[in-house]
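Enquirer: protein24.txt is reproduced below (compact mmCIF, C-alpha atoms).
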# COMPACT_ATOMS: atom_id res chain seq x y z
CA MET A 1 5.06 28.81 -2.45
CA LYS A 2 4.26 26.98 -5.68
CA SER A 3 2.66 24.14 -3.79
CA ILE A 4 0.55 26.58 -1.73
CA LEU A 5 -0.70 28.17 -4.95
CA LYS A 6 -1.49 24.72 -6.29
CA LEU A 7 -3.46 23.87 -3.18
CA PHE A 8 -5.33 27.17 -3.30
CA ALA A 9 -6.22 26.87 -6.97
CA PHE A 10 -7.33 23.31 -6.51
CA SER A 11 -9.47 24.27 -3.51
CA VAL A 12 -11.26 26.94 -5.50
CA ILE A 13 -12.06 24.47 -8.25
CA ALA A 14 -13.16 21.83 -5.80
CA LEU A 15 -15.27 24.15 -3.65
CA SER A 16 -17.54 24.90 -6.56
CA CYS A 17 -18.83 21.36 -6.22
CA THR A 18 -20.67 19.83 -3.31
CA GLY A 19 -20.93 16.52 -1.48
CA ARG A 20 -17.27 15.49 -1.58
CA TYR A 21 -14.10 16.82 0.02
CA ASP A 22 -11.78 19.46 -1.38
CA VAL A 23 -8.05 19.02 -0.87
CA ASN A 24 -7.87 21.30 2.19
CA ASP A 25 -10.71 19.44 3.87
CA LEU A 26 -8.94 16.19 3.10
CA HIS A 27 -5.76 17.46 4.78
CA VAL A 28 -7.81 18.49 7.83
CA TRP A 29 -9.37 15.03 7.87
CA ILE A 30 -5.98 13.30 7.70
CA ASN A 31 -4.51 15.54 10.41
CA ASP A 32 -7.39 14.83 12.79
CA GLU A 33 -6.05 12.14 15.13
CA GLU A 34 -9.54 10.76 15.67
CA ASN A 35 -9.61 9.53 12.08
CA GLY A 36 -6.63 7.25 12.75
CA LEU A 37 -4.42 8.40 9.89
CA ILE A 38 -1.91 10.26 12.00
CA LYS A 39 -0.11 8.66 14.93
CA GLU A 40 2.10 10.38 17.42
CA ARG A 41 4.56 9.37 20.14
CA ILE A 42 6.31 11.67 22.55
CA ILE A 43 9.51 10.39 24.11
CA ASP A 44 11.31 12.80 26.38
CA ASP A 45 11.47 15.98 24.29
CA LEU A 46 11.08 14.33 20.89
CA LYS A 47 7.77 14.16 19.05
CA LEU A 48 7.56 11.39 16.44
CA THR A 49 4.65 11.56 14.02
CA VAL A 50 3.68 9.16 11.25
CA LYS A 51 1.03 10.19 8.77
CA TYR A 52 -0.69 8.01 6.19
CA LEU A 53 -0.66 9.58 2.72
CA PRO A 54 -3.55 8.50 0.48
CA PRO A 55 -2.99 8.18 -3.29
CA GLU A 56 -5.20 11.25 -3.95
CA VAL A 57 -2.95 13.50 -1.89
CA LEU A 58 0.16 12.26 -3.68
CA ALA A 59 -1.48 12.78 -7.07
CA ILE A 60 -2.49 16.37 -6.25
CA LYS A 61 1.01 17.13 -5.02
CA GLU A 62 2.45 16.01 -8.33
CA LEU A 63 0.00 17.78 -10.64
CA ASP A 64 0.15 21.33 -11.92
CA VAL A 65 -2.35 24.04 -10.92
CA GLU A 66 -4.59 23.14 -13.80
CA PHE A 67 -4.98 19.53 -14.71
CA GLU A 68 -7.20 17.07 -16.47
CA LYS A 69 -9.27 14.68 -14.38
CA ALA A 70 -7.86 11.84 -16.50
CA ALA A 71 -4.33 12.78 -15.45
CA PHE A 72 -5.43 12.84 -11.81
CA ASP A 73 -7.17 9.46 -12.08
CA SER A 74 -4.19 7.93 -13.78
CA LEU A 75 -1.81 9.12 -11.03
CA VAL A 76 -4.19 7.92 -8.33
CA GLN A 77 -4.15 4.51 -9.97
CA VAL A 78 -0.35 4.47 -9.96
CA TYR A 79 -0.15 5.48 -6.29
CA SER A 80 -2.82 2.96 -5.36
CA ASN A 81 -0.23 0.22 -5.80
CA GLN A 82 1.75 1.38 -2.81
CA GLU A 83 1.34 2.43 0.80
CA SER A 84 2.90 5.81 1.58
CA PHE A 85 3.70 7.51 4.87
CA LEU A 86 5.47 10.56 6.16
CA ILE A 87 7.46 10.24 9.37
CA SER A 88 8.35 13.50 11.10
CA PHE A 89 10.64 14.40 13.99
CA GLU A 90 10.34 17.51 16.08
CA SER A 91 11.77 18.78 19.35
CA ARG A 92 8.99 19.96 21.66
CA LEU A 93 11.07 22.22 23.87
CA GLU A 94 13.86 23.49 21.65
CA ASN A 95 12.93 25.99 19.00
CA LYS A 96 15.44 24.77 16.44
CA ASP A 97 15.89 22.23 13.68
CA VAL A 98 15.59 18.82 15.35
CA VAL A 99 18.58 17.56 13.39
CA TYR A 100 20.85 19.44 15.84
CA LYS A 101 19.27 17.79 18.88
CA ASN A 102 21.97 16.34 21.18
CA VAL A 103 24.57 16.69 18.46
CA SER A 104 27.99 17.11 20.06
CA ASP A 105 30.22 18.01 17.10
CA LYS A 106 30.45 18.19 13.32
CA GLU A 107 31.20 14.50 12.98
CA ASP A 108 28.12 13.67 15.03
CA TYR A 109 26.04 16.02 12.87
CA ASN A 110 27.32 14.45 9.65
CA ARG A 111 26.53 10.99 11.01
CA ARG A 112 22.95 12.06 11.74
CA ILE A 113 22.45 13.50 8.26
CA GLU A 114 23.88 10.32 6.77
CA GLN A 115 21.54 8.19 8.89
CA LEU A 116 18.49 10.23 7.90
CA SER A 117 19.44 10.34 4.24
CA PHE A 118 20.66 6.82 3.63
CA ARG A 119 20.28 4.50 6.64
CA ILE A 120 16.71 5.19 7.67
CA GLY A 121 15.47 2.56 5.20
CA GLU A 122 17.20 -0.07 7.38
CA LEU A 123 15.66 1.34 10.56
CA ILE A 124 12.04 1.54 9.44
CA SER A 125 9.87 -1.36 8.35
CA LEU A 126 6.22 -2.08 7.75
CA LYS A 127 4.82 -5.11 9.54
CA THR A 128 1.58 -6.82 8.64
CA SER A 129 0.21 -10.06 10.07
CA ASN A 130 2.20 -11.98 7.43
CA ASP A 131 5.15 -9.88 6.35
CA LYS A 132 7.81 -7.44 7.34
CA ILE A 133 8.72 -5.10 4.49
CA SER A 134 11.48 -2.53 4.12
CA PRO A 135 10.64 0.70 2.29
CA SER A 136 11.09 0.43 -1.46
CA LEU A 137 11.68 4.17 -1.52
CA PHE A 138 12.51 6.76 1.09
CA HIS A 139 13.36 10.42 0.84
CA TYR A 140 14.64 12.66 3.61
CA GLU A 141 13.29 16.20 3.37
CA ARG A 142 16.07 18.24 4.88
CA ALA A 143 15.04 21.47 6.64
CA TYR A 144 18.45 23.22 6.58
CA GLY A 145 17.60 24.97 9.84
CA THR A 146 14.49 26.67 8.41
CA SER A 147 12.05 24.47 10.32
CA LYS A 148 11.89 22.61 13.62
CA VAL A 149 10.51 19.57 11.83
CA ASN A 150 12.40 17.05 9.71
CA SER A 151 10.51 14.46 7.68
CA VAL A 152 11.14 11.33 5.70
CA PHE A 153 8.76 10.23 2.95
CA LEU A 154 8.30 6.45 2.88
CA VAL A 155 6.90 4.14 0.22
CA PHE A 156 6.17 0.45 0.69
CA THR A 157 5.29 -1.99 -2.06
CA ASP A 158 5.13 -5.75 -2.42
CA LYS A 159 4.91 -7.88 -5.53
CA SER A 160 2.02 -9.99 -4.27
CA LYS A 161 0.05 -6.82 -3.38
CA LYS A 162 -1.10 -8.47 -0.16
CA LEU A 163 0.05 -5.32 1.56
CA LEU A 164 -2.78 -3.36 -0.04
CA SER A 165 -5.39 -5.44 1.72
CA ALA A 166 -3.60 -6.00 5.05
CA GLU A 167 -5.90 -5.21 7.98
CA LYS A 168 -3.17 -3.59 10.03
CA LEU A 169 -0.14 -1.64 8.87
CA ASP A 170 2.42 -1.39 11.65
CA ILE A 171 5.26 1.07 10.99
CA VAL A 172 8.18 0.01 13.18
CA PHE A 173 10.93 2.54 13.80
CA VAL A 174 14.15 1.33 15.42
CA ASP A 175 15.45 4.71 16.45
CA GLU A 176 19.21 4.58 16.31
CA ILE A 177 19.15 8.21 15.15
CA PHE A 178 17.62 10.14 18.06
CA LYS A 179 17.93 7.12 20.36
CA THR A 180 14.35 6.89 21.57
CA GLY A 181 14.05 3.08 21.47
CA ILE A 182 11.68 1.18 19.20
CA SER A 183 8.30 2.72 18.33
CA HIS A 184 5.24 1.29 16.62
CA PHE A 185 2.67 3.28 14.66
CA VAL A 186 -0.31 1.10 13.80
CA PHE A 187 -2.77 2.03 11.05
CA LYS A 188 -6.03 0.16 10.51
CA ARG A 189 -7.36 -0.65 7.05
CA SER A 190 -10.84 0.24 8.28
CA ASP A 191 -9.62 3.82 8.94
CA ILE A 192 -7.94 4.02 5.53
CA GLN A 193 -11.16 2.88 3.87
CA LYS A 194 -13.04 5.74 5.49
CA ILE A 195 -10.96 8.43 3.75
CA PRO A 196 -13.40 10.69 1.90
CA SER A 197 -13.20 10.97 -1.87
CA LEU A 198 -11.74 14.08 -3.41
CA ASN A 199 -13.92 16.30 -5.46
CA VAL A 200 -12.24 16.46 -8.86
CA ARG A 201 -13.88 17.39 -12.14
CA MET B 202 5.91 1.53 41.85
CA ARG B 203 8.27 -1.44 41.32
CA ASN B 204 10.88 -0.42 38.76
CA ASN B 205 12.18 -3.92 38.09
CA VAL B 206 8.66 -5.22 37.26
CA LEU B 207 8.22 -2.39 34.75
CA ILE B 208 11.58 -2.99 33.10
CA GLU B 209 11.14 -6.76 32.95
CA ASN B 210 7.64 -6.63 31.50
CA TYR B 211 7.63 -3.60 29.24
CA LYS B 212 7.15 -4.74 25.62
CA GLY B 213 9.44 -1.94 24.39
CA ILE B 214 12.33 -3.49 26.33
CA GLU B 215 11.43 -7.06 25.36
CA GLU B 216 11.61 -6.10 21.69
CA ILE B 217 14.95 -4.33 22.13
CA ARG B 218 16.34 -7.37 23.94
CA GLU B 219 15.34 -9.52 20.95
CA TYR B 220 16.72 -6.99 18.44
CA HIS B 221 19.98 -6.71 20.39
CA PHE B 222 20.34 -10.49 20.51
CA GLN B 223 19.75 -10.81 16.75
CA GLN B 224 22.29 -8.07 16.00
CA LEU B 225 24.92 -9.74 18.17
CA GLN B 226 24.18 -13.13 16.64
CA ALA B 227 24.57 -11.71 13.11
CA GLN B 228 27.87 -10.05 14.00
CA ASN B 229 29.16 -13.23 15.66
CA GLN B 230 28.32 -15.22 12.53
CA LYS B 231 30.10 -12.58 10.46
CA LEU B 232 33.12 -12.87 12.75
CA ASP B 233 33.20 -16.66 12.34
CA SER B 234 33.07 -16.50 8.57
CA LEU B 235 35.69 -13.70 8.48
CA THR B 236 37.96 -15.77 10.73
CA ASN B 237 37.69 -18.72 8.32
CA LEU B 238 38.31 -16.52 5.29
CA TYR B 239 41.26 -14.88 7.02
CA ALA B 240 42.83 -18.26 7.84
CA LYS B 241 42.48 -19.39 4.22
CA ALA B 242 43.82 -16.10 2.90
CA LYS B 243 46.82 -16.39 5.22
CA GLU B 244 47.58 -19.88 3.99
CA SER B 245 47.48 -18.83 0.36
CA ASN B 246 49.14 -15.48 1.08
CA SER B 247 46.25 -13.76 -0.66
CA LYS B 248 46.15 -10.03 -1.51
CA GLU B 249 42.89 -9.74 0.44
CA LEU B 250 44.62 -10.45 3.73
CA LYS B 251 44.85 -6.80 4.79
CA VAL B 252 41.22 -6.05 3.91
CA LEU B 253 40.06 -9.13 5.79
CA GLU B 254 42.22 -8.25 8.76
CA SER B 255 40.73 -4.78 9.02
CA GLU B 256 37.17 -6.15 8.68
CA LEU B 257 37.94 -8.76 11.31
CA ILE B 258 39.17 -6.12 13.74
CA SER B 259 36.22 -3.77 13.16
CA THR B 260 33.72 -6.62 13.66
CA GLN B 261 35.48 -7.69 16.87
CA VAL B 262 35.46 -4.06 18.10
CA TRP B 263 31.74 -3.75 17.27
CA ILE B 264 30.95 -6.92 19.23
CA ASN B 265 33.01 -5.78 22.23
CA ASN B 266 31.39 -2.34 22.25
CA ASN B 267 27.85 -3.61 21.82
CA ARG B 268 27.85 -6.73 23.95
CA ASN B 269 26.12 -5.15 26.91
CA LEU B 270 22.39 -4.57 26.45
CA LEU B 271 22.29 -1.97 29.19
CA GLU B 272 24.72 0.21 27.23
CA ASN B 273 22.71 -0.06 24.02
CA PRO B 274 21.31 3.42 23.18
CA LEU B 275 18.04 1.73 22.18
CA PHE B 276 17.73 0.35 25.71
CA GLN B 277 18.32 3.83 27.12
CA GLY B 278 15.63 5.05 24.71
CA ALA B 279 13.19 2.48 26.04
CA LEU B 280 13.86 3.74 29.58
CA GLU B 281 13.04 7.25 28.28
CA GLN B 282 9.78 5.83 26.92
CA ILE B 283 8.93 4.55 30.40
CA ASN B 284 9.84 7.88 32.02
CA SER B 285 7.81 9.85 29.44
CA TYR B 286 4.79 7.63 30.03
CA ILE B 287 5.05 8.00 33.81
CA ALA B 288 5.27 11.80 33.42
CA GLU B 289 2.18 11.81 31.19
CA TYR B 290 0.33 9.43 33.56
CA SER B 291 1.20 11.63 36.54
CA GLU B 292 -0.05 14.78 34.81
CA ARG B 293 -3.24 13.04 33.76
CA ASN B 294 -3.87 11.80 37.31
CA ASN B 295 -2.68 14.94 39.13
CA LEU B 296 0.16 13.14 40.87
CA ASP B 297 2.85 15.36 42.37
CA LEU B 298 5.34 12.59 43.08
CA VAL B 299 5.85 9.00 41.93
CA LEU B 300 8.24 6.85 43.93
CA GLY B 301 10.00 3.90 42.37
CA SER B 302 11.32 1.01 44.42
CA ASN B 303 14.33 -0.98 43.29
CA LEU B 304 16.61 -3.57 44.80
CA GLU B 305 18.83 -0.94 46.40
CA GLY B 306 16.31 -0.51 49.20
CA ASN B 307 15.51 3.20 48.98
CA ILE B 308 11.84 2.36 49.58
CA MET B 309 11.50 -0.48 52.03
CA TYR B 310 7.73 -0.70 52.35
CA GLY B 311 4.53 0.66 50.83
CA ARG B 312 0.92 -0.38 51.18
CA LYS B 313 -0.37 -2.43 48.22
CA GLU B 314 -3.09 0.15 47.51
CA LEU B 315 -0.36 2.71 46.78
CA ASP B 316 1.36 0.51 44.21
CA ILE B 317 0.53 1.69 40.68
CA THR B 318 2.96 -0.65 38.88
CA GLU B 319 0.32 -2.79 37.19
CA GLU B 320 -1.71 0.21 36.06
CA ILE B 321 1.39 1.92 34.63
CA LEU B 322 2.55 -1.30 32.95
CA GLU B 323 -0.81 -1.92 31.35
CA GLY B 324 -1.02 1.63 29.98
CA LEU B 325 2.60 1.60 28.90
CA ASN B 326 2.22 -1.64 26.91
CA LYS B 327 -1.02 -0.42 25.40
CA ALA B 328 0.68 2.80 24.28
CA TYR B 329 3.57 0.74 22.86
CA ASP B 330 1.17 -1.33 20.76
CA ASN B 331 -0.30 2.00 19.62
Take the structure I supplied and represent it as C-alpha cells, if you would.

Expert:
Amino acid sequence: MKSILKLFAFSVIALSCTGRYDVNDLHVWINDEENGLIKERIIDDLKLTVKYLPPEVLAIKELDVEFEKAAFDSLVQVYSNQESFLISFESRLENKDVVYKNVSDKEDYNRRIEQLSFRIGELISLKTSNDKISPSLFHYERAYGTSKVNSVFLVFTDKSKKLLSAEKLDIVFVDEIFKTGISHFVFKRSDIQKIPSLNVR
Amino acid sequence: MRNNVLIENYKGIEEIREYHFQQLQAQNQKLDSLTNLYAKAKESNSKELKVLESELISTQVWINNNRNLLENPLFQGALEQINSYIAEYSERNNLDLVLGSNLEGNIMYGRKELDITEEILEGLNKAYDN
C-alpha cells in the first residue's frame, strides 16, 4: 500500500511537467515487450519472466513520498554501478502460488523454498561476450500464498565495470527448481540505452 | 517430424549435455580427492575419518544417481521446452496434429514436403537464443 501511495504521489508531481516520462509511464514502457526490457519464456505450464530494472526505478522504490532531486540523483548514481533484474515464476493454468507447483510433500516444499531463498544465486548467471558473472546479491520475494507469482531480485556487479558497457546481457537460468531446463533471457544494450528519462524536479 | 534430429540438434539439450558433463567431472574430481584424503586419514587414524567417510559415500551416491543424462531433470525440462514450442508452433500454424517419427517405427514413411523438422528446429533454436 505504501509503495502504491509513493508511486501515486510521485506521478502527480511528475505529471505537472512535460516532455519526459513519469514513473507510471516508465513502468508501462518497461513492461512493453517491444521495448526489449522484459523477456518471457513459457515451458509447459510455467511462465518465466525476466525484467530489466533501470537505476531510476530502483531509486524511486527506495525514496519516500517526498524527496529531494539531489537524493534521487545520488541514488541513481549508486544504482548505475550495477545491472539489476527481476525474475518471476508463475503457473499459467493453476490459480495458486507457483511455489506449490508439483510439490509432493512438506520436505519437497521446504527444499523448494531453500532453493529459491539461498541456492538460486548458483543457478542464475549473467553472461556477456567476455564474462560469466554470478549475482552479487539476490533476494527472494516470497508470496506466502497471496499471489500466483514468485520473484527473485537480482543484482550483478563487476570490479572492472565492463559489465556496464557490455552489448548483450544474457541471463542464464539453470532451472533445477521447477525443472524446466536451461533458459536464456538476452537483453541488448541498445534497448537499455533507449529507456526514457524520468521527470524529476 | 523426426524426433531424434530435434533432440540431437536442439541447443537447449546441447547445453544441458555440457552442463551435465561438467557436473559429473567436478564430482568425480571431488571423489578422487576425498578417496586420497580418506586413505591418509585411515593411515594416521585421524579424527576426521568418519566425516570423510560420510562425504565419500554421499559423493559416490550423487554420482551413481546422476550418471545418466536421460534421467537428469534438466534434460526432461529441455524435452518440455521442445513440446511447448511444438504446441505453440502448431497453434500459430493451425495444425491439428503433429506426428513424430522415432526409431521404433511407428511412422514408417512420410513425404518430404510433410516433414517440418527443420522449420521446428530453426524456430526452437532461435527461441532458445532469445

Enquirer: If we count all atoms listed in the file, which residues of chain A reach to within 12 Å of chain B? Please list them as a JSON list (two decimals) with C-alpha atoms, in the frame of the given file.

Expert:
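Output contents, as saved in selection_7.json:
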[["chain", "number", "residue", "atom", "x", "y", "z"],
["A", 36, "GLY", "CA", -6.63, 7.25, 12.75],
["A", 38, "ILE", "CA", -1.91, 10.26, 12.00],
["A", 39, "LYS", "CA", -0.11, 8.66, 14.93],
["A", 40, "GLU", "CA", 2.10, 10.38, 17.42],
["A", 41, "ARG", "CA", 4.56, 9.37, 20.14],
["A", 42, "ILE", "CA", 6.31, 11.67, 22.55],
["A", 43, "ILE", "CA", 9.51, 10.39, 24.11],
["A", 44, "ASP", "CA", 11.31, 12.80, 26.38],
["A", 45, "ASP", "CA", 11.47, 15.98, 24.29],
["A", 46, "LEU", "CA", 11.08, 14.33, 20.89],
["A", 47, "LYS", "CA", 7.77, 14.16, 19.05],
["A", 50, "VAL", "CA", 3.68, 9.16, 11.25],
["A", 123, "LEU", "CA", 15.66, 1.34, 10.56],
["A", 168, "LYS", "CA", -3.17, -3.59, 10.03],
["A", 169, "LEU", "CA", -0.14, -1.64, 8.87],
["A", 170, "ASP", "CA", 2.42, -1.39, 11.65],
["A", 171, "ILE", "CA", 5.26, 1.07, 10.99],
["A", 172, "VAL", "CA", 8.18, 0.01, 13.18],
["A", 173, "PHE", "CA", 10.93, 2.54, 13.80],
["A", 174, "VAL", "CA", 14.15, 1.33, 15.42],
["A", 175, "ASP", "CA", 15.45, 4.71, 16.45],
["A", 176, "GLU", "CA", 19.21, 4.58, 16.31],
["A", 177, "ILE", "CA", 19.15, 8.21, 15.15],
["A", 178, "PHE", "CA", 17.62, 10.14, 18.06],
["A", 179, "LYS", "CA", 17.93, 7.12, 20.36],
["A", 180, "THR", "CA", 14.35, 6.89, 21.57],
["A", 181, "GLY", "CA", 14.05, 3.08, 21.47],
["A", 182, "ILE", "CA", 11.68, 1.18, 19.20],
["A", 183, "SER", "CA", 8.30, 2.72, 18.33],
["A", 184, "HIS", "CA", 5.24, 1.29, 16.62],
["A", 185, "PHE", "CA", 2.67, 3.28, 14.66],
["A", 186, "VAL", "CA", -0.31, 1.10, 13.80],
["A", 187, "PHE", "CA", -2.77, 2.03, 11.05],
["A", 188, "LYS", "CA", -6.03, 0.16, 10.51]]

Enquirer: One number please: CA of Val99 (chain A) to CA of Glu292 (chain B), in Å, one decimal.

Expert: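 Value for the CA of Val99 (chain A)-CA of Glu292 (chain B) distance: 28.5 Å.
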
Enquirer: Quick check, in Å to one decimal: how far apart do CA of Phe89 (chain A) and CA of Leu116 (chain A) lie?

Expert: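 Separating CA of Phe89 (chain A) from CA of Leu116 (chain A) is a distance of 10.8 Å.
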
Enquirer: Closest to Asp316 (chain B) among B:Gln230, B:Ser245, B:Asn295, B:Asn204, using all atoms listed in the file?

Expert: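 Among the listed residues, B:Asn204 lies closest to Asp316 (chain B).
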
Enquirer: Determine the nearest neighbour of Leu235 (chain B) from the options B:Asn269, B:Gln261, B:Ser291, B:Asn210, counting all atoms listed in the file.

Expert: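 For Leu235 (chain B), the nearest of the candidates is B:Gln261.
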
Enquirer: Skip Tyr140 (chain A) itself and residues of its chain fewer than 3 positions away, then list as an MDAnalysis selection string all residues within 10 Å of it, counting only C-alpha atoms.

Expert: chainID A and resid 86:88 113 115:118 120 143 150:154

Enquirer: Could those selected residues go to a file with C-alpha atoms, as an mmCIF file, keeping the file's coordinate frame?

Expert:
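out.cif written:
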data_model
loop_
_atom_site.group_PDB
_atom_site.id
_atom_site.type_symbol
_atom_site.label_atom_id
_atom_site.label_comp_id
_atom_site.auth_asym_id
_atom_site.auth_seq_id
_atom_site.Cartn_x
_atom_site.Cartn_y
_atom_site.Cartn_z
ATOM 1 C CA LEU A 86 5.470 10.560 6.160
ATOM 2 C CA ILE A 87 7.460 10.240 9.370
ATOM 3 C CA SER A 88 8.350 13.500 11.100
ATOM 4 C CA ILE A 113 22.450 13.500 8.260
ATOM 5 C CA GLN A 115 21.540 8.190 8.890
ATOM 6 C CA LEU A 116 18.490 10.230 7.900
ATOM 7 C CA SER A 117 19.440 10.340 4.240
ATOM 8 C CA PHE A 118 20.660 6.820 3.630
ATOM 9 C CA ILE A 120 16.710 5.190 7.670
ATOM 10 C CA ALA A 143 15.040 21.470 6.640
ATOM 11 C CA ASN A 150 12.400 17.050 9.710
ATOM 12 C CA SER A 151 10.510 14.460 7.680
ATOM 13 C CA VAL A 152 11.140 11.330 5.700
ATOM 14 C CA PHE A 153 8.760 10.230 2.950
ATOM 15 C CA LEU A 154 8.300 6.450 2.880
#

Enquirer: Would you mind listing what lies within 9 Å of Thr318 (chain B) as a PDB file with C-alpha atoms, keeping the file's coordinate frame, with all atoms listed in the file counted and same-chain residues fewer than 5 positions away left out?

Expert:
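Okay, this is what ended up in selection-v2.pdb:
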ATOM      1  CA  MET B 202       5.910   1.530  41.850  1.00  0.00           C
ATOM      2  CA  ARG B 203       8.270  -1.440  41.320  1.00  0.00           C
ATOM      3  CA  ASN B 204      10.880  -0.420  38.760  1.00  0.00           C
ATOM      4  CA  VAL B 206       8.660  -5.220  37.260  1.00  0.00           C
ATOM      5  CA  LEU B 207       8.220  -2.390  34.750  1.00  0.00           C
ATOM      6  CA  GLU B 323      -0.810  -1.920  31.350  1.00  0.00           C
TER       7      GLU B 323
END

Enquirer: Could you give me, as a PyMOL selection string, the residues that sit within 7 Å of (-6.5, 11.9, -8.0) in the file's coordinates, counting all atoms listed in the file?

Expert: chain A and resi 55-56+59-60+72-73+75-76

Enquirer: One decimal, in Å: what's the spacing between CA of Gln82 (chain A) and CA of Phe156 (chain A)?

Expert: 5.7 Å

Enquirer: Determine the nearest neighbour of Arg201 (chain A) from the options A:Leu53, A:Ala70, A:Ile30, A:Leu48, counting all atoms listed in the file.

Expert: A:Ala70

Enquirer: Excluding same-chain residues fewer than 4 positions from Ala240 (chain B), what lies within 12 Å of it counting only C-alpha atoms, as a PyMOL selection string?

Expert: chain B and resi 233-236+244-247+249-250+253-254+257

Enquirer: Kindly output region 237-257 of chain B as a tab-separated table (two decimals), in the frame of the given file, after building N, CA and C atoms.

Expert:
chain	number	residue	atom	x	y	z
B	237	ASN	N	37.39	-17.63	9.27
B	237	ASN	CA	37.69	-18.72	8.32
B	237	ASN	C	38.35	-18.18	7.05
B	238	LEU	N	37.75	-17.10	6.52
B	238	LEU	CA	38.31	-16.52	5.29
B	238	LEU	C	39.73	-16.02	5.52
B	239	TYR	N	39.94	-15.43	6.69
B	239	TYR	CA	41.26	-14.88	7.02
B	239	TYR	C	42.30	-16.00	7.08
B	240	ALA	N	41.91	-17.12	7.72
B	240	ALA	CA	42.83	-18.26	7.84
B	240	ALA	C	43.22	-18.80	6.45
B	241	LYS	N	42.21	-18.89	5.58
B	241	LYS	CA	42.48	-19.39	4.22
B	241	LYS	C	43.37	-18.42	3.45
B	242	ALA	N	43.05	-17.12	3.61
B	242	ALA	CA	43.82	-16.10	2.90
B	242	ALA	C	45.27	-16.09	3.37
B	243	LYS	N	45.46	-16.37	4.66
B	243	LYS	CA	46.82	-16.39	5.22
B	243	LYS	C	47.61	-17.56	4.65
B	244	GLU	N	46.92	-18.68	4.55
B	244	GLU	CA	47.58	-19.88	3.99
B	244	GLU	C	48.05	-19.65	2.56
B	245	SER	N	47.15	-19.02	1.78
B	245	SER	CA	47.48	-18.83	0.36
B	245	SER	C	48.19	-17.50	0.10
B	246	ASN	N	48.48	-16.78	1.19
B	246	ASN	CA	49.14	-15.48	1.08
B	246	ASN	C	48.39	-14.54	0.11
B	247	SER	N	47.09	-14.52	0.26
B	247	SER	CA	46.25	-13.76	-0.66
B	247	SER	C	46.38	-12.24	-0.46
B	248	LYS	N	46.08	-11.50	-1.55
B	248	LYS	CA	46.15	-10.03	-1.51
B	248	LYS	C	45.08	-9.45	-0.59
B	249	GLU	N	44.02	-10.24	-0.36
B	249	GLU	CA	42.89	-9.74	0.44
B	249	GLU	C	43.15	-9.78	1.95
B	250	LEU	N	44.31	-10.27	2.31
B	250	LEU	CA	44.62	-10.45	3.73
B	250	LEU	C	44.41	-9.17	4.55
B	251	LYS	N	44.93	-8.07	4.04
B	251	LYS	CA	44.85	-6.80	4.79
B	251	LYS	C	43.40	-6.34	4.96
B	252	VAL	N	42.63	-6.46	3.86
B	252	VAL	CA	41.22	-6.05	3.91
B	252	VAL	C	40.47	-6.90	4.93
B	253	LEU	N	40.74	-8.22	4.87
B	253	LEU	CA	40.06	-9.13	5.79
B	253	LEU	C	40.45	-8.84	7.24
B	254	GLU	N	41.73	-8.53	7.42
B	254	GLU	CA	42.22	-8.25	8.76
B	254	GLU	C	41.51	-7.03	9.35
B	255	SER	N	41.38	-6.00	8.52
B	255	SER	CA	40.73	-4.78	9.02
B	255	SER	C	39.24	-5.03	9.30
B	256	GLU	N	38.59	-5.82	8.45
B	256	GLU	CA	37.17	-6.15	8.68
B	256	GLU	C	37.00	-6.97	9.95
B	257	LEU	N	37.96	-7.88	10.13
B	257	LEU	CA	37.94	-8.76	11.31
B	257	LEU	C	38.04	-7.91	12.59
